[in-house]
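Visitor: Dropping in input01.cif, which is mmCIF, C-alpha atoms:
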data_coords
#
loop_
_atom_site.group_PDB
_atom_site.id
_atom_site.type_symbol
_atom_site.label_atom_id
_atom_site.label_comp_id
_atom_site.auth_asym_id
_atom_site.auth_seq_id
_atom_site.Cartn_x
_atom_site.Cartn_y
_atom_site.Cartn_z
ATOM 1 C CA MET A 15 0.000 0.000 0.000
ATOM 2 C CA ASN A 16 1.522 3.346 -1.044
ATOM 3 C CA GLY A 17 1.592 6.453 1.126
ATOM 4 C CA PHE A 18 -1.422 7.977 -0.555
ATOM 5 C CA SER A 19 -3.499 4.834 -0.004
ATOM 6 C CA ARG A 20 -2.412 4.595 3.621
ATOM 7 C CA GLY A 21 -3.371 8.216 4.110
ATOM 8 C CA VAL A 22 -6.803 7.641 2.655
ATOM 9 C CA VAL A 23 -7.348 4.593 4.877
ATOM 10 C CA VAL A 24 -6.122 6.370 8.012
ATOM 11 C CA GLY A 25 -8.214 9.431 7.190
ATOM 12 C CA ALA A 26 -11.315 7.337 6.582
ATOM 13 C CA LEU A 27 -10.752 5.413 9.817
ATOM 14 C CA THR A 28 -10.338 8.630 11.782
ATOM 15 C CA LEU A 29 -13.537 10.042 10.291
ATOM 16 C CA TRP A 30 -15.421 6.815 11.076
ATOM 17 C CA MET A 31 -14.215 6.853 14.673
ATOM 18 C CA ALA A 32 -15.229 10.483 15.115
ATOM 19 C CA THR A 33 -18.622 9.844 13.567
ATOM 20 C CA SER A 34 -19.128 6.698 15.633
ATOM 21 C CA GLY A 35 -18.261 8.584 18.816
ATOM 22 C CA ALA A 36 -20.706 11.340 17.942
ATOM 23 C CA GLN A 37 -23.440 8.808 17.307
ATOM 24 C CA THR A 38 -22.977 7.130 20.682
ATOM 25 C CA ALA A 39 -22.556 10.277 22.798
ATOM 26 C CA TYR A 40 -25.285 10.573 25.435
ATOM 27 C CA PRO A 41 -27.847 11.902 24.939
ATOM 28 C CA SER A 42 -28.353 11.590 21.212
ATOM 29 C CA LYS A 43 -32.170 11.755 21.216
ATOM 30 C CA ALA A 44 -35.103 12.946 23.308
ATOM 31 C CA ILE A 45 -35.562 11.625 26.847
ATOM 32 C CA ARG A 46 -38.918 10.620 28.339
ATOM 33 C CA LEU A 47 -39.698 11.761 31.892
ATOM 34 C CA ILE A 48 -42.700 9.688 32.965
ATOM 35 C CA VAL A 49 -44.924 11.328 35.578
ATOM 36 C CA PRO A 50 -47.402 9.199 37.572
ATOM 37 C CA THR A 51 -49.985 11.984 37.925
ATOM 38 C CA PRO A 52 -52.282 13.659 35.384
ATOM 39 C CA ALA A 53 -51.369 16.868 33.606
ATOM 40 C CA GLY A 54 -52.325 20.009 35.475
ATOM 41 C CA GLY A 55 -51.428 18.999 39.025
ATOM 42 C CA PRO A 56 -48.532 20.291 41.161
ATOM 43 C CA SER A 57 -46.262 17.303 40.546
ATOM 44 C CA ASP A 58 -46.815 17.658 36.805
ATOM 45 C CA ALA A 59 -45.935 21.365 37.011
ATOM 46 C CA ALA A 60 -42.753 20.614 38.948
ATOM 47 C CA ALA A 61 -41.765 17.926 36.433
ATOM 48 C CA ARG A 62 -42.270 20.265 33.478
ATOM 49 C CA VAL A 63 -40.145 23.109 34.805
ATOM 50 C CA LEU A 64 -37.383 20.641 35.730
ATOM 51 C CA ALA A 65 -37.602 18.985 32.291
ATOM 52 C CA LYS A 66 -37.305 22.367 30.587
ATOM 53 C CA GLY A 67 -34.120 23.194 32.466
ATOM 54 C CA MET A 68 -32.626 19.759 31.915
ATOM 55 C CA SER A 69 -33.369 20.004 28.190
ATOM 56 C CA ALA A 70 -31.292 23.174 27.965
ATOM 57 C CA SER A 71 -28.397 21.525 29.792
ATOM 58 C CA LEU A 72 -28.467 18.224 27.879
ATOM 59 C CA GLY A 73 -29.003 19.660 24.408
ATOM 60 C CA GLN A 74 -31.863 17.195 23.896
ATOM 61 C CA GLU A 75 -35.522 17.590 24.743
ATOM 62 C CA VAL A 76 -36.778 16.021 27.958
ATOM 63 C CA LEU A 77 -40.404 15.188 27.234
ATOM 64 C CA VAL A 78 -42.918 14.854 30.073
ATOM 65 C CA GLU A 79 -45.255 11.891 29.631
ATOM 66 C CA ASN A 80 -48.165 11.558 32.043
ATOM 67 C CA ARG A 81 -49.061 7.960 32.932
ATOM 68 C CA PRO A 82 -51.517 8.157 35.873
ATOM 69 C CA GLY A 83 -53.284 5.199 37.416
ATOM 70 C CA GLY A 84 -52.615 2.155 39.549
ATOM 71 C CA ASN A 85 -51.738 4.305 42.568
ATOM 72 C CA THR A 86 -48.710 5.528 40.534
ATOM 73 C CA GLY A 87 -47.767 1.918 39.749
ATOM 74 C CA ILE A 88 -48.482 2.146 36.003
ATOM 75 C CA ALA A 89 -45.845 4.834 35.454
ATOM 76 C CA ALA A 90 -43.402 3.163 37.812
ATOM 77 C CA GLY A 91 -43.737 -0.172 36.036
ATOM 78 C CA ALA A 92 -43.107 1.435 32.647
ATOM 79 C CA VAL A 93 -39.780 2.787 33.861
ATOM 80 C CA LEU A 94 -38.842 -0.323 35.807
ATOM 81 C CA ASN A 95 -39.065 -2.398 32.619
ATOM 82 C CA ALA A 96 -37.375 0.147 30.320
ATOM 83 C CA ALA A 97 -33.851 -0.209 28.957
ATOM 84 C CA PRO A 98 -31.309 1.363 31.358
ATOM 85 C CA ASP A 99 -29.939 3.649 28.644
ATOM 86 C CA GLY A 100 -30.964 6.981 30.162
ATOM 87 C CA TYR A 101 -33.801 7.673 27.718
ATOM 88 C CA THR A 102 -36.635 6.694 30.085
ATOM 89 C CA LEU A 103 -36.832 8.336 33.522
ATOM 90 C CA PHE A 104 -39.395 8.393 36.308
ATOM 91 C CA PHE A 105 -40.529 11.517 38.148
ATOM 92 C CA GLY A 106 -41.558 9.570 41.196
ATOM 93 C CA LEU A 107 -43.176 10.669 44.430
ATOM 94 C CA ALA A 108 -42.051 9.834 47.946
ATOM 95 C CA SER A 109 -45.239 7.792 48.115
ATOM 96 C CA ASN A 110 -43.716 5.399 45.580
ATOM 97 C CA ALA A 111 -41.548 4.227 48.455
ATOM 98 C CA GLY A 112 -44.697 3.087 50.227
ATOM 99 C CA LEU A 113 -46.487 1.384 47.358
ATOM 100 C CA PRO A 114 -44.909 -2.091 47.840
ATOM 101 C CA HIS A 115 -45.943 -2.044 51.500
ATOM 102 C CA LEU A 116 -49.520 -0.922 50.865
ATOM 103 C CA SER A 117 -50.403 -2.851 47.715
ATOM 104 C CA LYS A 118 -49.753 -6.381 46.491
ATOM 105 C CA ALA A 119 -50.173 -5.028 42.957
ATOM 106 C CA SER A 120 -46.989 -2.934 43.177
ATOM 107 C CA PRO A 121 -44.698 -3.697 40.209
ATOM 108 C CA TYR A 122 -41.629 -3.536 42.455
ATOM 109 C CA LYS A 123 -40.749 -4.828 45.911
ATOM 110 C CA SER A 124 -38.633 -1.842 46.984
ATOM 111 C CA ILE A 125 -38.069 1.700 45.740
ATOM 112 C CA ALA A 126 -34.355 0.832 45.923
ATOM 113 C CA GLU A 127 -34.759 -1.178 42.699
ATOM 114 C CA PHE A 128 -34.680 2.102 40.755
ATOM 115 C CA THR A 129 -31.488 4.034 39.985
ATOM 116 C CA PRO A 130 -31.464 7.340 41.897
ATOM 117 C CA VAL A 131 -30.572 10.477 39.912
ATOM 118 C CA ALA A 132 -31.855 13.476 41.877
ATOM 119 C CA ALA A 133 -34.564 14.650 44.246
ATOM 120 C CA ILE A 134 -36.350 17.950 44.702
ATOM 121 C CA GLY A 135 -38.866 19.023 47.320
ATOM 122 C CA GLY A 136 -42.220 17.321 47.506
ATOM 123 C CA ASN A 137 -45.849 18.290 47.928
ATOM 124 C CA THR A 138 -46.886 19.282 51.425
ATOM 125 C CA GLN A 139 -50.030 17.271 52.118
ATOM 126 C CA CYS A 140 -52.962 18.962 53.849
ATOM 127 C CA LEU A 141 -56.288 17.674 55.165
ATOM 128 C CA VAL A 142 -59.135 19.580 53.504
ATOM 129 C CA VAL A 143 -62.930 19.467 53.570
ATOM 130 C CA PRO A 144 -65.648 21.340 51.672
ATOM 131 C CA ALA A 145 -66.455 24.710 53.245
ATOM 132 C CA SER A 146 -70.056 23.545 53.483
ATOM 133 C CA LEU A 147 -69.034 20.962 56.091
ATOM 134 C CA PRO A 148 -69.660 22.155 59.686
ATOM 135 C CA ALA A 149 -65.992 21.880 60.637
ATOM 136 C CA LYS A 150 -63.484 24.725 60.774
ATOM 137 C CA SER A 151 -60.848 22.833 62.777
ATOM 138 C CA LEU A 152 -59.636 19.262 63.045
ATOM 139 C CA ALA A 153 -61.340 18.898 66.432
ATOM 140 C CA GLU A 154 -64.676 19.969 64.930
ATOM 141 C CA PHE A 155 -64.160 17.598 62.011
ATOM 142 C CA VAL A 156 -63.534 14.664 64.354
ATOM 143 C CA THR A 157 -66.734 15.477 66.232
ATOM 144 C CA TYR A 158 -68.671 15.683 62.974
ATOM 145 C CA ALA A 159 -67.188 12.441 61.600
ATOM 146 C CA LYS A 160 -67.989 10.477 64.760
ATOM 147 C CA ALA A 161 -71.556 11.766 64.766
ATOM 148 C CA ASN A 162 -72.097 10.759 61.136
ATOM 149 C CA PRO A 163 -73.869 7.392 60.861
ATOM 150 C CA LYS A 164 -71.930 6.405 57.745
ATOM 151 C CA PRO A 165 -68.165 6.554 57.045
ATOM 152 C CA LEU A 166 -67.195 9.783 55.310
ATOM 153 C CA MET A 167 -66.065 9.384 51.716
ATOM 154 C CA ARG A 168 -62.406 10.325 51.270
ATOM 155 C CA GLY A 169 -60.941 11.122 47.864
ATOM 156 C CA ALA A 170 -57.490 9.656 47.251
ATOM 157 C CA ASN A 171 -55.011 9.479 44.393
ATOM 158 C CA ASN A 172 -51.693 8.356 45.898
ATOM 159 C CA VAL A 173 -50.383 6.530 48.918
ATOM 160 C CA SER A 174 -48.804 9.562 50.611
ATOM 161 C CA GLU A 175 -52.321 10.914 50.985
ATOM 162 C CA ASP A 176 -53.421 7.521 52.260
ATOM 163 C CA MET A 177 -50.769 7.576 54.952
ATOM 164 C CA VAL A 178 -51.643 11.083 56.161
ATOM 165 C CA ALA A 179 -55.324 10.136 56.227
ATOM 166 C CA GLY A 180 -54.387 6.923 58.036
ATOM 167 C CA GLN A 181 -52.466 8.876 60.659
ATOM 168 C CA VAL A 182 -55.540 11.027 61.264
ATOM 169 C CA SER A 183 -58.008 8.137 61.343
ATOM 170 C CA SER A 184 -55.869 5.957 63.624
ATOM 171 C CA THR A 185 -55.256 8.834 66.061
ATOM 172 C CA PHE A 186 -58.940 9.694 66.458
ATOM 173 C CA GLY A 187 -60.602 6.360 65.705
ATOM 174 C CA LEU A 188 -62.257 7.472 62.462
ATOM 175 C CA THR A 189 -63.307 5.402 59.462
ATOM 176 C CA PHE A 190 -63.182 6.739 55.907
ATOM 177 C CA GLU A 191 -64.436 5.134 52.725
ATOM 178 C CA ARG A 192 -61.638 5.484 50.165
ATOM 179 C CA VAL A 193 -62.706 6.767 46.729
ATOM 180 C CA PRO A 194 -59.852 6.496 44.181
ATOM 181 C CA TYR A 195 -59.016 9.191 41.614
ATOM 182 C CA LYS A 196 -56.202 9.533 39.078
ATOM 183 C CA GLY A 197 -55.105 12.903 40.426
ATOM 184 C CA ALA A 198 -56.047 16.127 42.212
ATOM 185 C CA PRO A 199 -57.605 17.744 39.104
ATOM 186 C CA GLN A 200 -60.063 14.847 38.859
ATOM 187 C CA LEU A 201 -60.770 14.764 42.600
ATOM 188 C CA LEU A 202 -61.370 18.463 43.260
ATOM 189 C CA PRO A 203 -64.759 18.890 41.512
ATOM 190 C CA ASP A 204 -66.335 16.169 43.657
ATOM 191 C CA LEU A 205 -64.766 17.591 46.826
ATOM 192 C CA LEU A 206 -65.848 21.151 46.067
ATOM 193 C CA GLU A 207 -69.426 20.027 45.449
ATOM 194 C CA GLY A 208 -69.477 17.896 48.592
ATOM 195 C CA ARG A 209 -69.930 14.570 46.779
ATOM 196 C CA ILE A 210 -66.943 13.423 48.827
ATOM 197 C CA GLN A 211 -66.423 14.864 52.284
ATOM 198 C CA VAL A 212 -62.678 14.880 52.904
ATOM 199 C CA ALA A 213 -59.339 14.561 51.135
ATOM 200 C CA VAL A 214 -55.636 14.938 51.681
ATOM 201 C CA LEU A 215 -54.243 17.104 48.877
ATOM 202 C CA PRO A 216 -51.059 18.965 47.976
ATOM 203 C CA VAL A 217 -51.148 22.414 49.527
ATOM 204 C CA SER A 218 -50.741 24.201 46.186
ATOM 205 C CA ALA A 219 -53.780 22.379 44.768
ATOM 206 C CA SER A 220 -55.869 23.392 47.779
ATOM 207 C CA VAL A 221 -54.867 27.008 48.442
ATOM 208 C CA PRO A 222 -56.771 28.693 45.572
ATOM 209 C CA HIS A 223 -60.012 27.048 46.726
ATOM 210 C CA VAL A 224 -59.297 27.846 50.379
ATOM 211 C CA LYS A 225 -58.788 31.518 49.484
ATOM 212 C CA ALA A 226 -62.007 31.439 47.444
ATOM 213 C CA GLY A 227 -63.892 30.169 50.497
ATOM 214 C CA ARG A 228 -64.811 26.817 48.945
ATOM 215 C CA LEU A 229 -62.502 24.550 50.984
ATOM 216 C CA THR A 230 -61.405 24.511 54.617
ATOM 217 C CA MET A 231 -57.834 23.463 55.366
ATOM 218 C CA LEU A 232 -57.728 21.631 58.697
ATOM 219 C CA GLY A 233 -53.994 20.933 58.971
ATOM 220 C CA CYS A 234 -50.824 20.040 57.090
ATOM 221 C CA SER A 235 -48.296 17.247 57.513
ATOM 222 C CA MET A 236 -45.191 19.338 58.163
ATOM 223 C CA ALA A 237 -42.894 19.787 61.136
ATOM 224 C CA GLU A 238 -43.635 23.531 61.092
ATOM 225 C CA ARG A 239 -46.430 25.729 59.798
ATOM 226 C CA ILE A 240 -46.202 26.932 56.210
ATOM 227 C CA ALA A 241 -44.931 30.509 56.239
ATOM 228 C CA SER A 242 -47.531 31.730 53.747
ATOM 229 C CA LEU A 243 -50.349 29.992 55.693
ATOM 230 C CA PRO A 244 -49.598 30.997 59.300
ATOM 231 C CA THR A 245 -53.119 30.309 60.583
ATOM 232 C CA VAL A 246 -53.180 26.679 59.377
ATOM 233 C CA PRO A 247 -51.840 24.382 62.128
ATOM 234 C CA THR A 248 -49.698 21.351 61.565
ATOM 235 C CA LEU A 249 -51.483 18.053 62.093
ATOM 236 C CA ALA A 250 -49.164 17.384 65.022
ATOM 237 C CA GLU A 251 -50.331 20.615 66.676
ATOM 238 C CA SER A 252 -53.890 19.352 66.318
ATOM 239 C CA GLY A 253 -53.103 16.095 68.102
ATOM 240 C CA VAL A 254 -52.123 13.681 65.317
ATOM 241 C CA SER A 255 -49.662 11.268 66.897
ATOM 242 C CA ALA A 256 -47.351 10.582 63.956
ATOM 243 C CA ALA A 257 -44.157 11.939 62.469
ATOM 244 C CA PRO A 258 -44.506 14.474 59.629
ATOM 245 C CA LEU A 259 -44.608 12.803 56.249
ATOM 246 C CA ILE A 260 -41.366 12.637 54.249
ATOM 247 C CA THR A 261 -42.079 14.394 50.961
ATOM 248 C CA ALA A 262 -40.017 14.562 47.768
ATOM 249 C CA HIS A 263 -40.064 14.201 44.014
ATOM 250 C CA PHE A 264 -37.509 11.652 42.818
ATOM 251 C CA VAL A 265 -35.879 11.550 39.390
ATOM 252 C CA LEU A 266 -35.179 7.851 38.922
ATOM 253 C CA GLY A 267 -33.925 5.568 36.192
ATOM 254 C CA PRO A 268 -34.465 1.880 35.524
ATOM 255 C CA PRO A 269 -32.343 -0.617 37.469
ATOM 256 C CA ARG A 270 -28.627 -0.813 36.618
ATOM 257 C CA MET A 271 -28.371 2.496 34.758
ATOM 258 C CA PRO A 272 -24.667 3.253 34.042
ATOM 259 C CA ALA A 273 -22.884 5.641 36.384
ATOM 260 C CA ASP A 274 -21.711 7.989 33.617
ATOM 261 C CA ILE A 275 -25.305 8.507 32.451
ATOM 262 C CA VAL A 276 -26.459 9.063 36.031
ATOM 263 C CA ASP A 277 -23.735 11.699 36.496
ATOM 264 C CA ARG A 278 -24.721 13.493 33.292
ATOM 265 C CA LEU A 279 -28.391 13.566 34.274
ATOM 266 C CA ALA A 280 -27.623 14.637 37.843
ATOM 267 C CA LEU A 281 -25.546 17.551 36.527
ATOM 268 C CA ALA A 282 -28.379 18.577 34.209
ATOM 269 C CA ALA A 283 -30.850 18.494 37.110
ATOM 270 C CA GLN A 284 -28.477 20.579 39.226
ATOM 271 C CA GLN A 285 -28.111 23.176 36.499
ATOM 272 C CA ALA A 286 -31.889 23.266 35.966
ATOM 273 C CA ALA A 287 -32.495 23.822 39.683
ATOM 274 C CA GLN A 288 -30.221 26.878 39.660
ATOM 275 C CA SER A 289 -32.404 28.799 37.193
ATOM 276 C CA ALA A 290 -34.635 31.651 38.300
ATOM 277 C CA GLU A 291 -37.591 30.090 36.471
ATOM 278 C CA PHE A 292 -37.241 26.860 38.455
ATOM 279 C CA ARG A 293 -37.006 28.669 41.799
ATOM 280 C CA GLN A 294 -40.024 30.829 41.010
ATOM 281 C CA GLU A 295 -42.123 27.804 40.059
ATOM 282 C CA MET A 296 -41.162 25.975 43.258
ATOM 283 C CA GLU A 297 -42.205 29.035 45.265
ATOM 284 C CA ARG A 298 -45.527 29.180 43.416
ATOM 285 C CA LEU A 299 -46.139 25.492 44.134
ATOM 286 C CA LEU A 300 -45.089 25.920 47.793
ATOM 287 C CA ILE A 301 -42.455 23.227 47.292
ATOM 288 C CA VAL A 302 -39.442 23.611 49.566
ATOM 289 C CA GLY A 303 -36.132 21.788 49.688
ATOM 290 C CA SER A 304 -32.835 21.865 47.812
ATOM 291 C CA LEU A 305 -31.813 19.514 45.014
ATOM 292 C CA ARG A 306 -30.193 16.278 46.190
ATOM 293 C CA SER A 307 -27.360 14.276 44.658
ATOM 294 C CA PRO A 308 -27.823 10.640 43.577
ATOM 295 C CA ALA A 309 -26.400 9.383 46.883
ATOM 296 C CA GLN A 310 -28.560 11.762 48.912
ATOM 297 C CA THR A 311 -31.568 10.771 46.830
ATOM 298 C CA ARG A 312 -31.015 7.097 47.605
ATOM 299 C CA ASP A 313 -30.797 7.884 51.340
ATOM 300 C CA LEU A 314 -34.083 9.813 51.206
ATOM 301 C CA MET A 315 -35.760 7.012 49.231
ATOM 302 C CA LEU A 316 -34.808 4.509 51.935
ATOM 303 C CA GLN A 317 -35.939 6.856 54.724
ATOM 304 C CA ALA A 318 -39.329 7.259 53.058
ATOM 305 C CA GLU A 319 -39.654 3.508 52.589
ATOM 306 C CA ALA A 320 -38.855 2.924 56.256
ATOM 307 C CA GLN A 321 -41.542 5.435 57.275
ATOM 308 C CA TYR A 322 -44.191 3.709 55.174
ATOM 309 C CA ALA A 323 -43.119 0.245 56.330
ATOM 310 C CA GLN A 324 -43.451 1.306 59.969
ATOM 311 C CA PHE A 325 -46.866 2.835 59.302
ATOM 312 C CA VAL A 326 -48.125 -0.389 57.700
ATOM 313 C CA ARG A 327 -46.715 -2.519 60.534
ATOM 314 C CA GLU A 328 -48.427 -0.382 63.137
ATOM 315 C CA THR A 329 -51.788 0.035 61.419
ATOM 316 C CA GLY A 330 -52.141 -2.871 59.000
ATOM 317 C CA ALA A 331 -53.084 -0.337 56.310
ATOM 318 C CA SER A 332 -53.664 -1.501 52.743
ATOM 319 C CA ILE A 333 -55.027 0.033 49.547
ATOM 320 C CA ASP A 334 -55.877 -3.288 47.830
#
Represent the structure from my file as structure tokens, please.

Guide:
Amino acid sequence: MNGFSRGVVVGALTLWMATSGAQTAYPSKAIRLIVPTPAGGPSDAAARVLAKGMSASLGQEVLVENRPGGNTGIAAGAVLNAAPDGYTLFFGLASNAGLPHLSKASPYKSIAEFTPVAAIGGNTQCLVVPASLPAKSLAEFVTYAKANPKPLMRGANNVSEDMVAGQVSSTFGLTFERVPYKGAPQLLPDLLEGRIQVAVLPVSASVPHVKAGRLTMLGCSMAERIASLPTVPTLAESGVSAAPLITAHFVLGPPRMPADIVDRLALAAQQAAQSAEFRQEMERLLIVGSLRSPAQTRDLMLQAEAQYAQFVRETGASID
């Protein structure tokens, strides 16, 4: 082979290697971020602003895909069974840590099966009733519920709400009839019209209706009162004998996702969380808490799972 031929071969090989590297660089296509709640709710809003920021950092679009149903298990199962190539992610809730303990239909046995990428603050859960109900405090609600000949109907759409409701019912000896919904947007019309009598909902989904005088907020599952709602007590202040609920939104991948992809996604989430748009949206949604690293996310996942496991052991709660 003469020098010219060798040069052509070497040049072609170099070009092929460069092209091959470009083709395999991550990410090379759009990424799905699967959300277990319907569009329009607070978790969906948080997912969309995070996805927008991550898209800018990654140079590829992060597309939010809503897959509600199955107490968040439908979305979780779709990610659990996806290829671990970084193109399918789960915007999970802290309640996903409790699903295996509360339901035999859970597609996974432990939240630790997923690959942790990042975590942001979660939805503060508050106990709310229609304003038409003769109860302006938790004590008045307990009196009303015990005097009612039939169990009050409670709207529910995820297991974090079930646990808060369970903490209330076990403390005061109440019985609720659980009515399942896909998300807060579907639940609210029935609650506002009094077709169901009580629900545990994210604070941001409740506040507009509280301010409009259509809902009464009886208490929230936080260690301290919400600064913008100083007159609303914590559930602990009102006598609920349980630890405040661990809340978070988890960005998770399928099992065994490579470390280099996790690092790239975690960096993109960190950069997204630093934007003014992200911070403003979190303030609007009343979501507090800083972004967590993959290792910190895993620790929080396990803490949430331990809280749910203890709750189920102590109460025998189930959503099946």

Visitor: If you measure from atom CA of A:Ile45 to atom CA of A:Ala132, what distance in Å do you get, rounded to one decimal?

Guide: 15.6 Å

Visitor: With all atoms listed in the file as the atoms that count, which of A:Leu188, A:Val212, A:Val224, A:Val217 lies nearest to A:Leu299?

Guide: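 Among A:Leu188, A:Val212, A:Val224, A:Val217, it is A:Val217 that comes nearest to A:Leu299.
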
Visitor: Which residue gives the smallest distance to A:Pro56 among A:Ser71, A:Ser235, A:Thr157, A:Thr138, with all atoms listed in the file counted?

Guide: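 With all atoms listed in the file as the atom set, the closest residue is A:Thr138.
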
Visitor: Considering only C-alpha atoms, return as a ChimeraX atom specification whatever protein or nucleic-acid residues lie within 8 Å of A:Val302, sequence-local ones (same chain, fewer than 3 positions apart) excluded.

Guide: /A:135-136,296-297

Visitor: What's around A:Ala111 at 7 Å? Count only C-alpha atoms, leave out sequence neighbours fewer than 3 positions away in its own chain, and write the answer as JSON, numbers by chain.

Guide: {"A": [108, 124, 125, 315, 318, 319]}

Visitor: Using all atoms listed in the file, which protein or nucleic acid residues come within 10 Å of A:Pro144? Drop anything in the same chain fewer than 6 positions from it, and give the result as an MDAnalysis selection string.

Guide: chainID A and resid 150 202 204:213 223:224 227:231

Visitor: Could you list, with a cut-off of 6 Å and counting only C-alpha atoms, the residues of stretch 101-193 of chain A near stretch 307-312 of chain A, each shown with its nearest atom pair and the distance in Å rounded to one decimal, rows sorted by chain and ascending number, as a tab-separated table?

Guide:
residue	atom	partner	partner_atom	distance
A:Pro130	CA	A:Pro308	CA	5.2
A:Val131	CA	A:Pro308	CA	4.6
A:Ala132	CA	A:Pro308	CA	5.2
A:Ala133	CA	A:Thr311	CA	5.5

Visitor: Hey, can you spit out that residue selection with C-alpha atoms as a PDB file, keeping the file's coordinate frame?

Guide:
ATOM      1  CA  PRO A 130     -31.464   7.340  41.897  1.00  0.00           C
ATOM      2  CA  VAL A 131     -30.572  10.477  39.912  1.00  0.00           C
ATOM      3  CA  ALA A 132     -31.855  13.476  41.877  1.00  0.00           C
ATOM      4  CA  ALA A 133     -34.564  14.650  44.246  1.00  0.00           C
TER       5      ALA A 133
END

Visitor: Could you tell me how far atom CA of A:Arg306 lies from atom CA of A:Ala250, in Å and to one decimal?

Guide: 26.8 Å

Visitor: Report, in Å to a single decimal, how far apart atom CA of A:Phe264 and atom CA of A:Met177 are.

Guide: 18.4 Å

Visitor: Specify the axis-aligned box that encloses all atoms of stretch 297-309 of chain A listed in the file after padding of 6 Å on each side, stating its centre and edge lengths in Å to one decimal as JSON.

Guide:
{"center_x": -36.3, "center_y": 19.3, "center_z": 46.6, "size_x": 31.7, "size_y": 31.8, "size_z": 18.3}

Visitor: Could you write out as an mmCIF file with C-alpha atoms, in the frame of the given file the residues that the PyMOL selection byres ((chain A and resi 321) around 12) matches in the shown file?

Guide:
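Now in out-v1.cif:
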data_model
loop_
_atom_site.group_PDB
_atom_site.id
_atom_site.type_symbol
_atom_site.label_atom_id
_atom_site.label_comp_id
_atom_site.auth_asym_id
_atom_site.auth_seq_id
_atom_site.Cartn_x
_atom_site.Cartn_y
_atom_site.Cartn_z
ATOM 1 C CA ALA A 108 -42.051 9.834 47.946
ATOM 2 C CA SER A 109 -45.239 7.792 48.115
ATOM 3 C CA ASN A 110 -43.716 5.399 45.580
ATOM 4 C CA ALA A 111 -41.548 4.227 48.455
ATOM 5 C CA GLY A 112 -44.697 3.087 50.227
ATOM 6 C CA LEU A 113 -46.487 1.384 47.358
ATOM 7 C CA HIS A 115 -45.943 -2.044 51.500
ATOM 8 C CA SER A 174 -48.804 9.562 50.611
ATOM 9 C CA MET A 177 -50.769 7.576 54.952
ATOM 10 C CA VAL A 178 -51.643 11.083 56.161
ATOM 11 C CA GLN A 181 -52.466 8.876 60.659
ATOM 12 C CA ALA A 256 -47.351 10.582 63.956
ATOM 13 C CA ALA A 257 -44.157 11.939 62.469
ATOM 14 C CA PRO A 258 -44.506 14.474 59.629
ATOM 15 C CA LEU A 259 -44.608 12.803 56.249
ATOM 16 C CA ILE A 260 -41.366 12.637 54.249
ATOM 17 C CA THR A 261 -42.079 14.394 50.961
ATOM 18 C CA LEU A 314 -34.083 9.813 51.206
ATOM 19 C CA MET A 315 -35.760 7.012 49.231
ATOM 20 C CA LEU A 316 -34.808 4.509 51.935
ATOM 21 C CA GLN A 317 -35.939 6.856 54.724
ATOM 22 C CA ALA A 318 -39.329 7.259 53.058
ATOM 23 C CA GLU A 319 -39.654 3.508 52.589
ATOM 24 C CA ALA A 320 -38.855 2.924 56.256
ATOM 25 C CA TYR A 322 -44.191 3.709 55.174
ATOM 26 C CA ALA A 323 -43.119 0.245 56.330
ATOM 27 C CA GLN A 324 -43.451 1.306 59.969
ATOM 28 C CA PHE A 325 -46.866 2.835 59.302
ATOM 29 C CA VAL A 326 -48.125 -0.389 57.700
ATOM 30 C CA ARG A 327 -46.715 -2.519 60.534
ATOM 31 C CA GLU A 328 -48.427 -0.382 63.137
#

Visitor: Taking the block above, write stretch 95-101 of chain A with N, CA, C and O atoms as a CSV table (one decimal), in the first residue's frame.

Guide:
chain,number,residue,atom,x,y,z
A,95,ASN,N,-39.3,-1.4,33.7
A,95,ASN,CA,-39.1,-2.4,32.6
A,95,ASN,C,-38.4,-1.8,31.4
A,95,ASN,O,-38.2,-2.5,30.4
A,96,ALA,N,-38.0,-0.5,31.5
A,96,ALA,CA,-37.4,0.1,30.3
A,96,ALA,C,-35.9,-0.2,30.3
A,96,ALA,O,-35.3,-0.6,31.3
A,97,ALA,N,-35.3,0.0,29.1
A,97,ALA,CA,-33.9,-0.2,29.0
A,97,ALA,C,-33.1,0.8,29.8
A,97,ALA,O,-33.5,2.0,29.8
A,98,PRO,N,-32.0,0.4,30.5
A,98,PRO,CA,-31.3,1.4,31.4
A,98,PRO,C,-30.3,2.2,30.6
A,98,PRO,O,-29.2,2.4,31.0
A,99,ASP,N,-30.8,2.9,29.5
A,99,ASP,CA,-29.9,3.6,28.6
A,99,ASP,C,-30.1,5.2,28.9
A,99,ASP,O,-29.5,5.9,28.1
A,100,GLY,N,-30.8,5.6,29.9
A,100,GLY,CA,-31.0,7.0,30.2
A,100,GLY,C,-32.0,7.7,29.4
A,100,GLY,O,-32.1,8.9,29.5
A,101,TYR,N,-32.8,7.0,28.5
A,101,TYR,CA,-33.8,7.7,27.7
A,101,TYR,C,-35.2,7.5,28.3
A,101,TYR,O,-36.2,8.1,27.7
